[in-house]
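Read the structure below first, then the notes.
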Amino acid sequence: MADDKISENIEEYLEVLYRNGSNKEQVSTTTFSNDLGIAPGSVTQMLKKLEDLGYINYTPYRGASLTDEGMQIAQKITRKHRILEKFLLEVLKVKEENVHDQACEMEHTLSDEAERALCNMLQHPDLCPDDNIIPACNFDFDSCQQCFSVKDFDNIINRQFNLLSISELNPDTEGTISFIRGNDELLDSILEVGIAIGNNIHYYNTDGDEYLVNIENEEYSLPPEMANNIFVRV
């Protein structure tokens, strides 16, 4: 279940930060005001509170960016929202124009166990209906196959660091491949080209629809279906 110590209001602010600055970019006060429909003065007060809690770095008149702790919460709630959108639209056949608002209402109470079950049922989706990346889960697995092999949810432990998919990275970012999402076919295709957990990666930039990377001194041009599902610790 969502952490009882974290209010829905806080989660909404952190979700805006992740949506507009997943690489810890600074997000302006105006963006919060527009996205949440809240007066700038109230936004400023909340940002100061979030900084005191250690969730953000706040610079007056410039904006805010996520800390590692804030990123963990923001990714978690964003993941639940986007998985719920996919479930509501594709399984329950909710009208597309209603999907976002209903996911907003449900995301704060969706348990981690239910989130995992939805992910498995939807076959480890990488994109929500708006084609935004669904963040990786925070369970301590190398792949979805490992997750699926553990039947008792109480035996699952949480990962202690945050991940971004290759397709979310800023140009010229370096890191370590720490999670690969997807079914057996996708995992096998990634392993066949020589990419594995623990590899060091340097992401350069995109070239059309391809993602240009150097992995263990080998150059690759990765299609979106791979880049969306290879997650990097940066």
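Ordering of the structure tokens sets the chain letters (A, B, ...), residue numbers begin anew at 1 in every chain, and ligands are numbered from 1 in the order given.
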
Contact check, segment 46-136 of chain A to segment 180-189 of chain A, at most 8 Å, counting only C-alpha atoms, closest pairs as CSV:
residue,atom,partner,partner_atom,distance
A:Gln123,CA,A:Asn183,CA,7.0
A:His124,CA,A:Gly182,CA,5.5
A:Pro125,CA,A:Gly182,CA,7.5
A:Ala136,CA,A:Arg181,CA,7.7

Find the spatial neighbours of Phe32 of chain A, counting only C-alpha atoms, within a cut-off of 10 Å - ignore same-chain residues fewer than 4 positions away - and output them as an MDAnalysis selection string.
chainID A and resid 12:14 16:17 20 27:28 36:40 43:44 47 63:64

Just to be explicit: take each residue in the selection above, keep all heavy atoms, and write the result as a tab-separated table (two decimals), in the first residue's frame.
chain	number	residue	atom	x	y	z
A	12	GLU	N	1.35	13.92	-5.36
A	12	GLU	CA	0.99	14.66	-6.57
A	12	GLU	C	2.10	15.62	-6.98
A	12	GLU	O	2.45	15.73	-8.17
A	12	GLU	CB	-0.32	15.44	-6.36
A	12	GLU	CG	-1.56	14.56	-6.20
A	12	GLU	CD	-1.98	13.89	-7.50
A	12	GLU	OE1	-1.44	14.24	-8.56
A	12	GLU	OE2	-2.85	13.01	-7.43
A	13	TYR	N	2.68	16.32	-6.02
A	13	TYR	CA	3.78	17.25	-6.33
A	13	TYR	C	5.00	16.49	-6.88
A	13	TYR	O	5.62	16.92	-7.87
A	13	TYR	CB	4.19	18.03	-5.07
A	13	TYR	CG	3.44	19.32	-4.88
A	13	TYR	CD1	2.17	19.32	-4.33
A	13	TYR	CD2	4.00	20.54	-5.25
A	13	TYR	CE1	1.46	20.51	-4.14
A	13	TYR	CE2	3.31	21.73	-5.07
A	13	TYR	CZ	2.04	21.71	-4.51
A	13	TYR	OH	1.35	22.89	-4.34
A	14	LEU	N	5.33	15.38	-6.24
A	14	LEU	CA	6.49	14.61	-6.70
A	14	LEU	C	6.24	13.99	-8.07
A	14	LEU	O	7.17	13.88	-8.88
A	14	LEU	CB	6.82	13.52	-5.67
A	14	LEU	CG	7.25	14.03	-4.29
A	14	LEU	CD1	7.52	12.86	-3.36
A	14	LEU	CD2	8.48	14.94	-4.38
A	16	VAL	N	4.44	15.42	-10.44
A	16	VAL	CA	4.67	16.52	-11.39
A	16	VAL	C	6.16	16.69	-11.65
A	16	VAL	O	6.60	16.88	-12.80
A	16	VAL	CB	4.06	17.83	-10.87
A	16	VAL	CG1	4.50	19.02	-11.72
A	16	VAL	CG2	2.54	17.75	-10.86
A	17	LEU	N	6.95	16.60	-10.60
A	17	LEU	CA	8.40	16.74	-10.75
A	17	LEU	C	8.97	15.64	-11.64
A	17	LEU	O	9.81	15.90	-12.51
A	17	LEU	CB	9.08	16.68	-9.38
A	17	LEU	CG	9.38	18.01	-8.71
A	17	LEU	CD1	9.79	17.81	-7.26
A	17	LEU	CD2	10.46	18.76	-9.46
A	20	ASN	N	7.98	16.04	-15.38
A	20	ASN	CA	8.64	17.15	-16.07
A	20	ASN	C	10.15	17.19	-15.88
A	20	ASN	O	10.82	18.01	-16.52
A	20	ASN	CB	8.05	18.48	-15.57
A	20	ASN	CG	6.60	18.67	-15.96
A	20	ASN	OD1	6.28	19.04	-17.09
A	20	ASN	ND2	5.68	18.39	-15.03
A	27	VAL	N	12.32	22.03	-12.21
A	27	VAL	CA	10.97	22.29	-12.69
A	27	VAL	C	10.48	23.58	-12.05
A	27	VAL	O	10.59	23.77	-10.83
A	27	VAL	CB	10.03	21.12	-12.33
A	27	VAL	CG1	8.60	21.42	-12.76
A	27	VAL	CG2	10.52	19.83	-12.98
A	28	SER	N	9.93	24.48	-12.86
A	28	SER	CA	9.55	25.81	-12.38
A	28	SER	C	8.29	25.78	-11.52
A	28	SER	O	7.44	24.88	-11.65
A	28	SER	CB	9.33	26.75	-13.57
A	28	SER	OG	8.15	26.39	-14.27
A	36	LEU	N	-1.26	21.55	-11.44
A	36	LEU	CA	-2.09	21.20	-10.30
A	36	LEU	C	-3.24	22.17	-10.07
A	36	LEU	O	-4.10	21.91	-9.21
A	36	LEU	CB	-1.22	21.12	-9.03
A	36	LEU	CG	-0.11	20.06	-9.05
A	36	LEU	CD1	0.78	20.19	-7.82
A	36	LEU	CD2	-0.69	18.65	-9.14
A	37	GLY	N	-3.24	23.28	-10.80
A	37	GLY	CA	-4.29	24.28	-10.62
A	37	GLY	C	-4.23	24.94	-9.26
A	37	GLY	O	-5.27	25.20	-8.63
A	38	ILE	N	-3.03	25.22	-8.79
A	38	ILE	CA	-2.82	25.79	-7.45
A	38	ILE	C	-2.10	27.13	-7.59
A	38	ILE	O	-1.21	27.28	-8.45
A	38	ILE	CB	-1.99	24.83	-6.58
A	38	ILE	CG1	-2.76	23.51	-6.38
A	38	ILE	CG2	-1.66	25.44	-5.23
A	38	ILE	CD1	-1.97	22.45	-5.68
A	39	ALA	N	-2.44	28.08	-6.76
A	39	ALA	CA	-1.84	29.42	-6.80
A	39	ALA	C	-0.34	29.33	-6.54
A	39	ALA	O	0.10	28.52	-5.71
A	39	ALA	CB	-2.50	30.32	-5.77
A	40	PRO	N	0.46	30.15	-7.21
A	40	PRO	CA	1.92	30.12	-7.04
A	40	PRO	C	2.39	30.25	-5.60
A	40	PRO	O	3.35	29.59	-5.19
A	40	PRO	CB	2.40	31.31	-7.89
A	40	PRO	CG	1.34	31.47	-8.94
A	40	PRO	CD	0.05	31.11	-8.26
A	43	VAL	N	2.07	26.94	-3.96
A	43	VAL	CA	3.10	26.05	-4.50
A	43	VAL	C	4.42	26.28	-3.79
A	43	VAL	O	5.11	25.34	-3.37
A	43	VAL	CB	3.26	26.24	-6.02
A	43	VAL	CG1	4.50	25.49	-6.52
A	43	VAL	CG2	2.03	25.75	-6.76
A	44	THR	N	4.79	27.53	-3.63
A	44	THR	CA	6.06	27.87	-2.97
A	44	THR	C	6.11	27.33	-1.56
A	44	THR	O	7.12	26.77	-1.12
A	44	THR	CB	6.26	29.40	-2.96
A	44	THR	OG1	6.33	29.87	-4.30
A	44	THR	CG2	7.53	29.78	-2.23
A	47	LEU	N	6.67	23.56	-1.74
A	47	LEU	CA	8.02	23.21	-2.15
A	47	LEU	C	9.00	23.36	-0.99
A	47	LEU	O	9.93	22.55	-0.84
A	47	LEU	CB	8.46	24.06	-3.35
A	47	LEU	CG	7.69	23.83	-4.65
A	47	LEU	CD1	8.23	24.74	-5.76
A	47	LEU	CD2	7.75	22.37	-5.08
A	63	GLY	N	12.94	27.13	-9.14
A	63	GLY	CA	12.18	25.90	-9.19
A	63	GLY	C	12.75	24.81	-8.29
A	63	GLY	O	13.50	25.09	-7.34
A	64	ALA	N	12.40	23.54	-8.59
A	64	ALA	CA	12.77	22.43	-7.73
A	64	ALA	C	13.19	21.23	-8.56
A	64	ALA	O	12.80	21.08	-9.73
A	64	ALA	CB	11.59	22.05	-6.84

Give me every strand (DSSP E) residue in segment 133-228 of chain A, going by DSSP on the backbone, as a list in words.
Leu164, Ser165, Thr173, Glu174, Gly175, Thr176, Ile177, Ser178, Phe179, Ile180, Asn200, Ile201, His202, Tyr203, Tyr204, Asn205, Thr206, Asp207, Glu210, Tyr211, Leu212, Val213, Asn214, Ile215, Glu218, Glu219, Tyr220, Ser221 and Leu222 of chain A

Any idea what's packed within 10 Å of segment 99-111 of chain A, counting only C-alpha atoms, ignoring anything in its chain fewer than 3 positions away? Could you give it as an NGL selection string?
:A and (1-4 or 6-9 or 11-12 or 76-89 or 93-96 or 114-117 or 129-130)

Just the number, please: distance in Å from atom CA of Ile230 of chain A to atom CA of Gly208 of chain A, one decimal.
18.6 Å

Nearest to Phe153 of chain A: which of A:Cys137, A:Lys24, A:Gly175, A:Asp112 is it, counting only C-alpha atoms?
A:Asp112

Point-to-point distance from atom CA of Gln75 of chain A to atom CA of Glu51 of chain A, Å rounded to tenths
17.6 Å

Non-local contacts of segment 71-74 of chain A (6 Å; only C-alpha atoms; under 5 positions in same chain excluded) as a PyMOL selection string:
chain A and resi 14-15+18+66

Given the selection you just returned, output its residues as a file containing C-alpha atoms, formatted as a CSV table (one decimal), in the first residue's frame.
chain,number,residue,atom,x,y,z
A,14,LEU,CA,6.5,14.6,-6.7
A,15,GLU,CA,4.6,13.1,-9.7
A,18,TYR,CA,9.0,13.3,-12.2
A,66,LEU,CA,14.1,15.6,-7.1

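Interatomic distance, atom CA of Glu216 of chain A to atom CA of Ser143 of chain A: 19.8 Å.
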
Go through segment 43-128 of chain A and collect every residue that DSSP, computed from the backbone, puts in helix (DSSP H, G or I); the answer should be as number ranges by chain.
A: 43-53, 68-90, 96-107, 112-121

Using only C-alpha atoms, the shortest atom-to-atom distance to Thr29 of chain A among A:Gln160, A:Leu50, A:Thr59, A:Ile10 belongs to A:Thr59

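Distance annotation: of A:Ser167, A:Asn217, A:Asn138, A:Thr176, the residue with the minimal separation from Arg233 of chain A is A:Thr176; atom set is only C-alpha atoms.
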
Residues near Leu163 of chain A, cut-off 8 Å, only C-alpha atoms, skip fewer than 2 positions along chain, as a list in words:
Pro135, Ala136, Phe161, Ser165, Ser178, Phe231, Val232, Arg233 and Val234 of chain A

Write to file, as a PDB file, in the first residue's frame, the residues of the selection just made, with N, CA and C atoms.
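Ended up saving to result.pdb:
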ATOM      1  N   PRO A 135       7.810   3.584 -15.393  1.00  0.00           N
ATOM      2  CA  PRO A 135       9.064   3.336 -14.666  1.00  0.00           C
ATOM      3  C   PRO A 135       9.203   1.882 -14.240  1.00  0.00           C
ATOM      4  N   ALA A 136      10.437   1.482 -13.971  1.00  0.00           N
ATOM      5  CA  ALA A 136      10.686   0.130 -13.467  1.00  0.00           C
ATOM      6  C   ALA A 136      10.102   0.000 -12.068  1.00  0.00           C
ATOM      7  N   PHE A 161      18.054   1.560  -4.902  1.00  0.00           N
ATOM      8  CA  PHE A 161      18.507   2.648  -5.765  1.00  0.00           C
ATOM      9  C   PHE A 161      17.514   2.819  -6.897  1.00  0.00           C
ATOM     10  N   SER A 165      15.199   4.126 -17.684  1.00  0.00           N
ATOM     11  CA  SER A 165      15.410   3.393 -18.930  1.00  0.00           C
ATOM     12  C   SER A 165      16.358   4.185 -19.826  1.00  0.00           C
ATOM     13  N   SER A 178      21.091  -2.442 -14.776  1.00  0.00           N
ATOM     14  CA  SER A 178      20.736  -3.110 -13.526  1.00  0.00           C
ATOM     15  C   SER A 178      19.399  -3.829 -13.561  1.00  0.00           C
ATOM     16  N   PHE A 231      17.172  -0.846 -18.099  1.00  0.00           N
ATOM     17  CA  PHE A 231      17.200   0.184 -17.057  1.00  0.00           C
ATOM     18  C   PHE A 231      18.602   0.336 -16.476  1.00  0.00           C
ATOM     19  N   VAL A 232      18.949   1.587 -16.229  1.00  0.00           N
ATOM     20  CA  VAL A 232      20.310   1.960 -15.884  1.00  0.00           C
ATOM     21  C   VAL A 232      20.334   2.632 -14.507  1.00  0.00           C
ATOM     22  N   ARG A 233      21.289   2.237 -13.713  1.00  0.00           N
ATOM     23  CA  ARG A 233      21.577   2.949 -12.467  1.00  0.00           C
ATOM     24  C   ARG A 233      22.606   4.027 -12.782  1.00  0.00           C
ATOM     25  N   VAL A 234      22.251   5.264 -12.552  1.00  0.00           N
ATOM     26  CA  VAL A 234      23.136   6.377 -12.916  1.00  0.00           C
ATOM     27  C   VAL A 234      23.639   7.091 -11.676  1.00  0.00           C
TER      28      VAL A 234
END
